[in-house]
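The structure appears right after this line, and notes come after that.
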2 protein chains.
Amino acid sequence: MEADRPVPFEVCPIVEKAFGLMGKKWTGLIVHVLASGERRFSELLEAVPRISSRILSQRLAELEAGGVLARAVFPETPVRVMYSLTEKGRALIPIVRGLADWAHRWGGVESGGVESG
Amino acid sequence: MEADRPVPFEVCPIVEKAFGLMGKKWTGLIVHVLASGERRFSELLEAVPRISSRILSQRLAELEAGGVLARAVFPETPVRVMYSLTEKGRALIPIVRGLADWAHRWGGVESGGVESG
């Protein structure tokens with residue numbers, strides 16, 4: 001018996017789901033961009049580096065299903081579709097800002113690669 | 001010309017890298033578990049729901065390369081390997097706690113699925 005072993009850690013299912021949504025490639029960056037205000041699809045596509053149109057659509061649908069963003073359709077010509085954070089989504093702003101601040105404070109993430117020279 | 005359009009949003013490359021590391025499946029949960037103290041590989045495997053041994057190894061290597069965690073090998077029989085957050089990794093604790101608190105505050109993430117009834 002090892003009396004000094006830490007107790008097993010249980011991840012709560014609600015927490016697991018939230019990390020599952022936010023821990024998908026690009027999701028955090030999409031929220032980070034929307035934190036600056038509502039955007040069109042084309043603006044998001046331009047702002048999020050290297051995301052494809054297909055994956056952006058998929059992530060936006062996941063975030064909408066998760067209650068994080070709202071999609072508003074304006075019947076203009078051409079139709080204008082705007083994406084914005086809901087109240088629940090805006091509650092994520094301090095978290096994504098925290099990660100951005102962390103990145104700057106800690107000098108970025110080492111690539112783990114070897115510099116050629 | 002639309003004078004009221006928001007200015008284009010540029011994602012800083014340092015921020016992009018940090019979201020790239022943390023926005024991978026399981027990474028946030030691994031940091032969340034390590035926030036409670038150092039852990040063995042087997043403990044992490046048990047604590048992080050549904051992660052495979054292969055993916056856990058990969059994520060731990062990425063987090064080590066990113067300076068987020070440290071791996072300590074104790075020459076016992078059997079050899080004991082412990083994973084713990086570095087100072088840089090501990091700076092992520094408020095962020096992962098923030099996401100866990102958000103999940104509880106906002107009642108989790110809707111699955112987007114339809115309840116059968």
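Ligands are numbered from 1 in the order shown, residues from 1 within each chain, and chains are lettered A, B, ... in the order they appear in the structure tokens.
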
Return as a PyMOL selection string the full set of residues in chain A whose backbone-based DSSP assignment is strand (DSSP E). chain A and resi 39-40+69-74+80-85

Define the interface residues of chain A facing chain B as those within 8 Å, counting only C-alpha atoms, and report them as a VMD selection string. chain A and resid 6 8 to 11 14 to 29 33 36 to 37 43 47 to 49 62 65 to 67 88 91 to 92 95 98 to 100 102 to 104 106 to 112

Write out the residues from the selection above, keeping C-alpha atoms, as a PDB file, in the first residue's frame.
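This is the output file out.pdb:
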ATOM      1  CA  PRO A   6      -2.609  11.050  -4.830  1.00  0.00           C
ATOM      2  CA  PRO A   8      -7.503   9.122  -8.461  1.00  0.00           C
ATOM      3  CA  PHE A   9      -8.689  12.050 -10.503  1.00  0.00           C
ATOM      4  CA  GLU A  10     -12.162  11.928 -12.014  1.00  0.00           C
ATOM      5  CA  VAL A  11     -12.979  14.251 -14.886  1.00  0.00           C
ATOM      6  CA  ILE A  14     -19.751  18.356 -18.016  1.00  0.00           C
ATOM      7  CA  VAL A  15     -16.115  19.456 -17.958  1.00  0.00           C
ATOM      8  CA  GLU A  16     -15.182  16.701 -20.402  1.00  0.00           C
ATOM      9  CA  LYS A  17     -17.832  17.938 -22.865  1.00  0.00           C
ATOM     10  CA  ALA A  18     -16.643  21.538 -22.633  1.00  0.00           C
ATOM     11  CA  PHE A  19     -13.033  20.501 -23.267  1.00  0.00           C
ATOM     12  CA  GLY A  20     -14.287  18.312 -26.097  1.00  0.00           C
ATOM     13  CA  LEU A  21     -15.943  21.290 -27.797  1.00  0.00           C
ATOM     14  CA  MET A  22     -13.199  23.853 -27.125  1.00  0.00           C
ATOM     15  CA  GLY A  23     -10.353  21.386 -27.612  1.00  0.00           C
ATOM     16  CA  LYS A  24     -10.996  20.984 -31.313  1.00  0.00           C
ATOM     17  CA  LYS A  25      -8.648  22.421 -33.860  1.00  0.00           C
ATOM     18  CA  TRP A  26      -9.564  26.083 -34.670  1.00  0.00           C
ATOM     19  CA  THR A  27     -12.457  26.364 -32.194  1.00  0.00           C
ATOM     20  CA  GLY A  28     -10.572  28.535 -29.716  1.00  0.00           C
ATOM     21  CA  LEU A  29      -9.309  30.781 -32.501  1.00  0.00           C
ATOM     22  CA  VAL A  33     -11.805  36.282 -33.453  1.00  0.00           C
ATOM     23  CA  SER A  36     -13.631  41.297 -31.304  1.00  0.00           C
ATOM     24  CA  GLY A  37     -17.177  41.558 -32.673  1.00  0.00           C
ATOM     25  CA  GLU A  43     -14.173  37.446 -42.580  1.00  0.00           C
ATOM     26  CA  ALA A  47      -8.988  35.751 -39.996  1.00  0.00           C
ATOM     27  CA  VAL A  48      -8.432  32.150 -38.898  1.00  0.00           C
ATOM     28  CA  PRO A  49      -5.125  31.056 -40.395  1.00  0.00           C
ATOM     29  CA  GLU A  62     -20.768  22.879 -33.532  1.00  0.00           C
ATOM     30  CA  ALA A  65     -25.259  23.714 -31.379  1.00  0.00           C
ATOM     31  CA  GLY A  66     -23.255  24.265 -28.183  1.00  0.00           C
ATOM     32  CA  GLY A  67     -24.987  27.600 -27.597  1.00  0.00           C
ATOM     33  CA  LYS A  88     -22.655  31.944 -23.020  1.00  0.00           C
ATOM     34  CA  ALA A  91     -18.356  34.138 -21.034  1.00  0.00           C
ATOM     35  CA  LEU A  92     -15.508  32.349 -22.852  1.00  0.00           C
ATOM     36  CA  ILE A  95     -10.559  32.248 -21.145  1.00  0.00           C
ATOM     37  CA  GLY A  98      -6.108  34.286 -20.946  1.00  0.00           C
ATOM     38  CA  LEU A  99      -4.599  31.814 -23.391  1.00  0.00           C
ATOM     39  CA  ALA A 100      -3.505  34.616 -25.737  1.00  0.00           C
ATOM     40  CA  TRP A 102      -0.232  33.260 -21.677  1.00  0.00           C
ATOM     41  CA  ALA A 103       1.245  32.802 -25.167  1.00  0.00           C
ATOM     42  CA  HIS A 104       2.735  36.303 -25.136  1.00  0.00           C
ATOM     43  CA  TRP A 106       5.661  32.767 -22.007  1.00  0.00           C
ATOM     44  CA  GLY A 107       7.218  33.522 -25.352  1.00  0.00           C
ATOM     45  CA  GLY A 108       5.093  31.217 -27.405  1.00  0.00           C
ATOM     46  CA  VAL A 109       5.210  27.495 -27.698  1.00  0.00           C
ATOM     47  CA  GLU A 110       8.470  25.908 -28.710  1.00  0.00           C
ATOM     48  CA  SER A 111       7.988  23.957 -31.889  1.00  0.00           C
ATOM     49  CA  GLY A 112      10.111  21.094 -30.671  1.00  0.00           C
TER      50      GLY A 112
END

What would you get as a PDB file with C-alpha atoms, in the first residue's frame if chain A were moved onto chain B by least squares over all of its C-alpha atoms in order?
ATOM      1  CA  MET A   1     -17.302  51.432 -49.471  1.00  0.00           C
ATOM      2  CA  GLU A   2     -18.721  50.299 -46.160  1.00  0.00           C
ATOM      3  CA  ALA A   3     -17.324  52.631 -43.541  1.00  0.00           C
ATOM      4  CA  ASP A   4     -18.866  50.698 -40.642  1.00  0.00           C
ATOM      5  CA  ARG A   5     -17.255  47.343 -41.358  1.00  0.00           C
ATOM      6  CA  PRO A   6     -14.995  46.120 -38.576  1.00  0.00           C
ATOM      7  CA  VAL A   7     -11.304  46.153 -39.289  1.00  0.00           C
ATOM      8  CA  PRO A   8      -9.851  42.821 -40.448  1.00  0.00           C
ATOM      9  CA  PHE A   9      -8.709  40.676 -37.576  1.00  0.00           C
ATOM     10  CA  GLU A  10      -5.167  39.329 -37.606  1.00  0.00           C
ATOM     11  CA  VAL A  11      -4.327  36.372 -35.400  1.00  0.00           C
ATOM     12  CA  CYS A  12      -0.810  36.806 -33.988  1.00  0.00           C
ATOM     13  CA  PRO A  13       1.432  33.799 -34.819  1.00  0.00           C
ATOM     14  CA  ILE A  14       2.383  33.324 -31.134  1.00  0.00           C
ATOM     15  CA  VAL A  15      -1.301  33.160 -30.215  1.00  0.00           C
ATOM     16  CA  GLU A  16      -1.986  30.832 -33.138  1.00  0.00           C
ATOM     17  CA  LYS A  17       0.715  28.425 -31.903  1.00  0.00           C
ATOM     18  CA  ALA A  18      -0.652  28.405 -28.359  1.00  0.00           C
ATOM     19  CA  PHE A  19      -4.175  27.670 -29.607  1.00  0.00           C
ATOM     20  CA  GLY A  20      -2.688  25.023 -31.877  1.00  0.00           C
ATOM     21  CA  LEU A  21      -1.097  23.236 -28.915  1.00  0.00           C
ATOM     22  CA  MET A  22      -3.987  23.645 -26.460  1.00  0.00           C
ATOM     23  CA  GLY A  23      -6.687  23.169 -29.088  1.00  0.00           C
ATOM     24  CA  LYS A  24      -5.854  19.527 -29.653  1.00  0.00           C
ATOM     25  CA  LYS A  25      -8.145  16.804 -28.471  1.00  0.00           C
ATOM     26  CA  TRP A  26      -7.365  15.834 -24.815  1.00  0.00           C
ATOM     27  CA  THR A  27      -4.609  18.416 -24.261  1.00  0.00           C
ATOM     28  CA  GLY A  28      -6.708  20.685 -22.058  1.00  0.00           C
ATOM     29  CA  LEU A  29      -7.944  17.728 -20.029  1.00  0.00           C
ATOM     30  CA  ILE A  30      -4.379  16.476 -19.475  1.00  0.00           C
ATOM     31  CA  VAL A  31      -3.392  19.900 -18.118  1.00  0.00           C
ATOM     32  CA  HIS A  32      -6.600  19.942 -16.048  1.00  0.00           C
ATOM     33  CA  VAL A  33      -5.669  16.585 -14.468  1.00  0.00           C
ATOM     34  CA  LEU A  34      -2.025  17.601 -13.869  1.00  0.00           C
ATOM     35  CA  ALA A  35      -3.257  20.798 -12.186  1.00  0.00           C
ATOM     36  CA  SER A  36      -4.185  18.533  -9.262  1.00  0.00           C
ATOM     37  CA  GLY A  37      -0.595  17.310  -8.897  1.00  0.00           C
ATOM     38  CA  GLU A  38       2.014  15.144 -10.580  1.00  0.00           C
ATOM     39  CA  ARG A  39       0.832  11.848 -12.048  1.00  0.00           C
ATOM     40  CA  ARG A  40       2.127   8.623 -13.489  1.00  0.00           C
ATOM     41  CA  PHE A  41       1.323   7.687 -17.063  1.00  0.00           C
ATOM     42  CA  SER A  42      -1.138   5.011 -15.891  1.00  0.00           C
ATOM     43  CA  GLU A  43      -2.933   7.521 -13.673  1.00  0.00           C
ATOM     44  CA  LEU A  44      -3.314   9.943 -16.575  1.00  0.00           C
ATOM     45  CA  LEU A  45      -4.561   7.136 -18.783  1.00  0.00           C
ATOM     46  CA  GLU A  46      -7.217   6.345 -16.198  1.00  0.00           C
ATOM     47  CA  ALA A  47      -8.147   9.963 -15.484  1.00  0.00           C
ATOM     48  CA  VAL A  48      -8.584  11.233 -19.045  1.00  0.00           C
ATOM     49  CA  PRO A  49     -11.762   9.652 -20.380  1.00  0.00           C
ATOM     50  CA  ARG A  50     -11.430   7.471 -23.481  1.00  0.00           C
ATOM     51  CA  ILE A  51      -7.868   8.495 -24.404  1.00  0.00           C
ATOM     52  CA  SER A  52      -5.693   5.755 -25.858  1.00  0.00           C
ATOM     53  CA  SER A  53      -2.215   4.984 -24.619  1.00  0.00           C
ATOM     54  CA  ARG A  54      -0.749   5.957 -28.003  1.00  0.00           C
ATOM     55  CA  ILE A  55      -2.456   9.354 -28.121  1.00  0.00           C
ATOM     56  CA  LEU A  56      -1.639  10.060 -24.459  1.00  0.00           C
ATOM     57  CA  SER A  57       2.071   9.447 -25.190  1.00  0.00           C
ATOM     58  CA  GLN A  58       1.864  11.747 -28.184  1.00  0.00           C
ATOM     59  CA  ARG A  59       0.127  14.548 -26.254  1.00  0.00           C
ATOM     60  CA  LEU A  60       2.570  14.271 -23.347  1.00  0.00           C
ATOM     61  CA  ALA A  61       5.489  14.557 -25.773  1.00  0.00           C
ATOM     62  CA  GLU A  62       3.912  17.642 -27.394  1.00  0.00           C
ATOM     63  CA  LEU A  63       3.333  19.266 -24.009  1.00  0.00           C
ATOM     64  CA  GLU A  64       6.894  18.469 -22.946  1.00  0.00           C
ATOM     65  CA  ALA A  65       8.252  19.943 -26.223  1.00  0.00           C
ATOM     66  CA  GLY A  66       6.076  23.012 -25.605  1.00  0.00           C
ATOM     67  CA  GLY A  67       7.620  23.489 -22.162  1.00  0.00           C
ATOM     68  CA  VAL A  68       4.297  22.872 -20.412  1.00  0.00           C
ATOM     69  CA  LEU A  69       5.180  19.676 -18.582  1.00  0.00           C
ATOM     70  CA  ALA A  70       8.240  17.922 -17.243  1.00  0.00           C
ATOM     71  CA  ARG A  71       8.889  14.213 -17.138  1.00  0.00           C
ATOM     72  CA  ALA A  72      10.910  12.815 -14.243  1.00  0.00           C
ATOM     73  CA  VAL A  73      12.258   9.276 -14.269  1.00  0.00           C
ATOM     74  CA  PHE A  74      12.896   7.572 -10.914  1.00  0.00           C
ATOM     75  CA  PRO A  75      15.206   4.565 -11.205  1.00  0.00           C
ATOM     76  CA  GLU A  76      13.157   2.250  -9.024  1.00  0.00           C
ATOM     77  CA  THR A  77      11.914  -1.228  -9.804  1.00  0.00           C
ATOM     78  CA  PRO A  78       9.730  -0.911 -11.753  1.00  0.00           C
ATOM     79  CA  VAL A  79      10.948   2.426 -13.090  1.00  0.00           C
ATOM     80  CA  ARG A  80       8.617   5.227 -12.037  1.00  0.00           C
ATOM     81  CA  VAL A  81       7.949   8.066 -14.517  1.00  0.00           C
ATOM     82  CA  MET A  82       6.125  11.129 -13.215  1.00  0.00           C
ATOM     83  CA  TYR A  83       4.606  13.945 -15.225  1.00  0.00           C
ATOM     84  CA  SER A  84       4.140  17.376 -13.715  1.00  0.00           C
ATOM     85  CA  LEU A  85       3.437  20.912 -14.891  1.00  0.00           C
ATOM     86  CA  THR A  86       6.363  23.291 -15.255  1.00  0.00           C
ATOM     87  CA  GLU A  87       6.058  26.925 -14.173  1.00  0.00           C
ATOM     88  CA  LYS A  88       4.873  27.712 -17.702  1.00  0.00           C
ATOM     89  CA  GLY A  89       2.360  24.874 -17.447  1.00  0.00           C
ATOM     90  CA  ARG A  90       1.116  26.008 -14.043  1.00  0.00           C
ATOM     91  CA  ALA A  91       0.386  29.381 -15.623  1.00  0.00           C
ATOM     92  CA  LEU A  92      -2.285  27.540 -17.645  1.00  0.00           C
ATOM     93  CA  ILE A  93      -4.142  26.391 -14.512  1.00  0.00           C
ATOM     94  CA  PRO A  94      -6.389  29.490 -14.227  1.00  0.00           C
ATOM     95  CA  ILE A  95      -7.299  29.029 -17.902  1.00  0.00           C
ATOM     96  CA  VAL A  96      -8.291  25.354 -17.664  1.00  0.00           C
ATOM     97  CA  ARG A  97     -10.048  26.056 -14.340  1.00  0.00           C
ATOM     98  CA  GLY A  98     -11.846  28.918 -16.080  1.00  0.00           C
ATOM     99  CA  LEU A  99     -13.120  26.549 -18.750  1.00  0.00           C
ATOM    100  CA  ALA A 100     -14.234  24.006 -16.134  1.00  0.00           C
ATOM    101  CA  ASP A 101     -16.054  26.750 -14.202  1.00  0.00           C
ATOM    102  CA  TRP A 102     -17.626  27.985 -17.434  1.00  0.00           C
ATOM    103  CA  ALA A 103     -18.914  24.464 -18.150  1.00  0.00           C
ATOM    104  CA  HIS A 104     -20.568  24.236 -14.730  1.00  0.00           C
ATOM    105  CA  ARG A 105     -21.895  27.796 -14.808  1.00  0.00           C
ATOM    106  CA  TRP A 106     -23.467  27.422 -18.237  1.00  0.00           C
ATOM    107  CA  GLY A 107     -24.900  23.976 -17.738  1.00  0.00           C
ATOM    108  CA  GLY A 108     -22.574  22.149 -20.040  1.00  0.00           C
ATOM    109  CA  VAL A 109     -22.501  22.056 -23.773  1.00  0.00           C
ATOM    110  CA  GLU A 110     -25.631  20.990 -25.572  1.00  0.00           C
ATOM    111  CA  SER A 111     -24.909  17.948 -27.662  1.00  0.00           C
ATOM    112  CA  GLY A 112     -26.949  19.227 -30.559  1.00  0.00           C
ATOM    113  CA  GLY A 113     -28.426  15.733 -30.700  1.00  0.00           C
ATOM    114  CA  VAL A 114     -32.102  14.875 -30.426  1.00  0.00           C
ATOM    115  CA  GLU A 115     -33.268  13.065 -27.314  1.00  0.00           C
ATOM    116  CA  SER A 116     -35.083   9.890 -28.140  1.00  0.00           C
ATOM    117  CA  GLY A 117     -38.471   9.615 -26.459  1.00  0.00           C
TER     118      GLY A 117
END

If DSSP is run on the backbone, what residues of range 41-80 of chain A are helix (DSSP H, G or I)? A reply as JSON, numbers by chain would be ideal. {"A": [41, 42, 43, 44, 45, 46, 47, 53, 54, 55, 56, 57, 58, 59, 60, 61, 62, 63, 64, 65]}
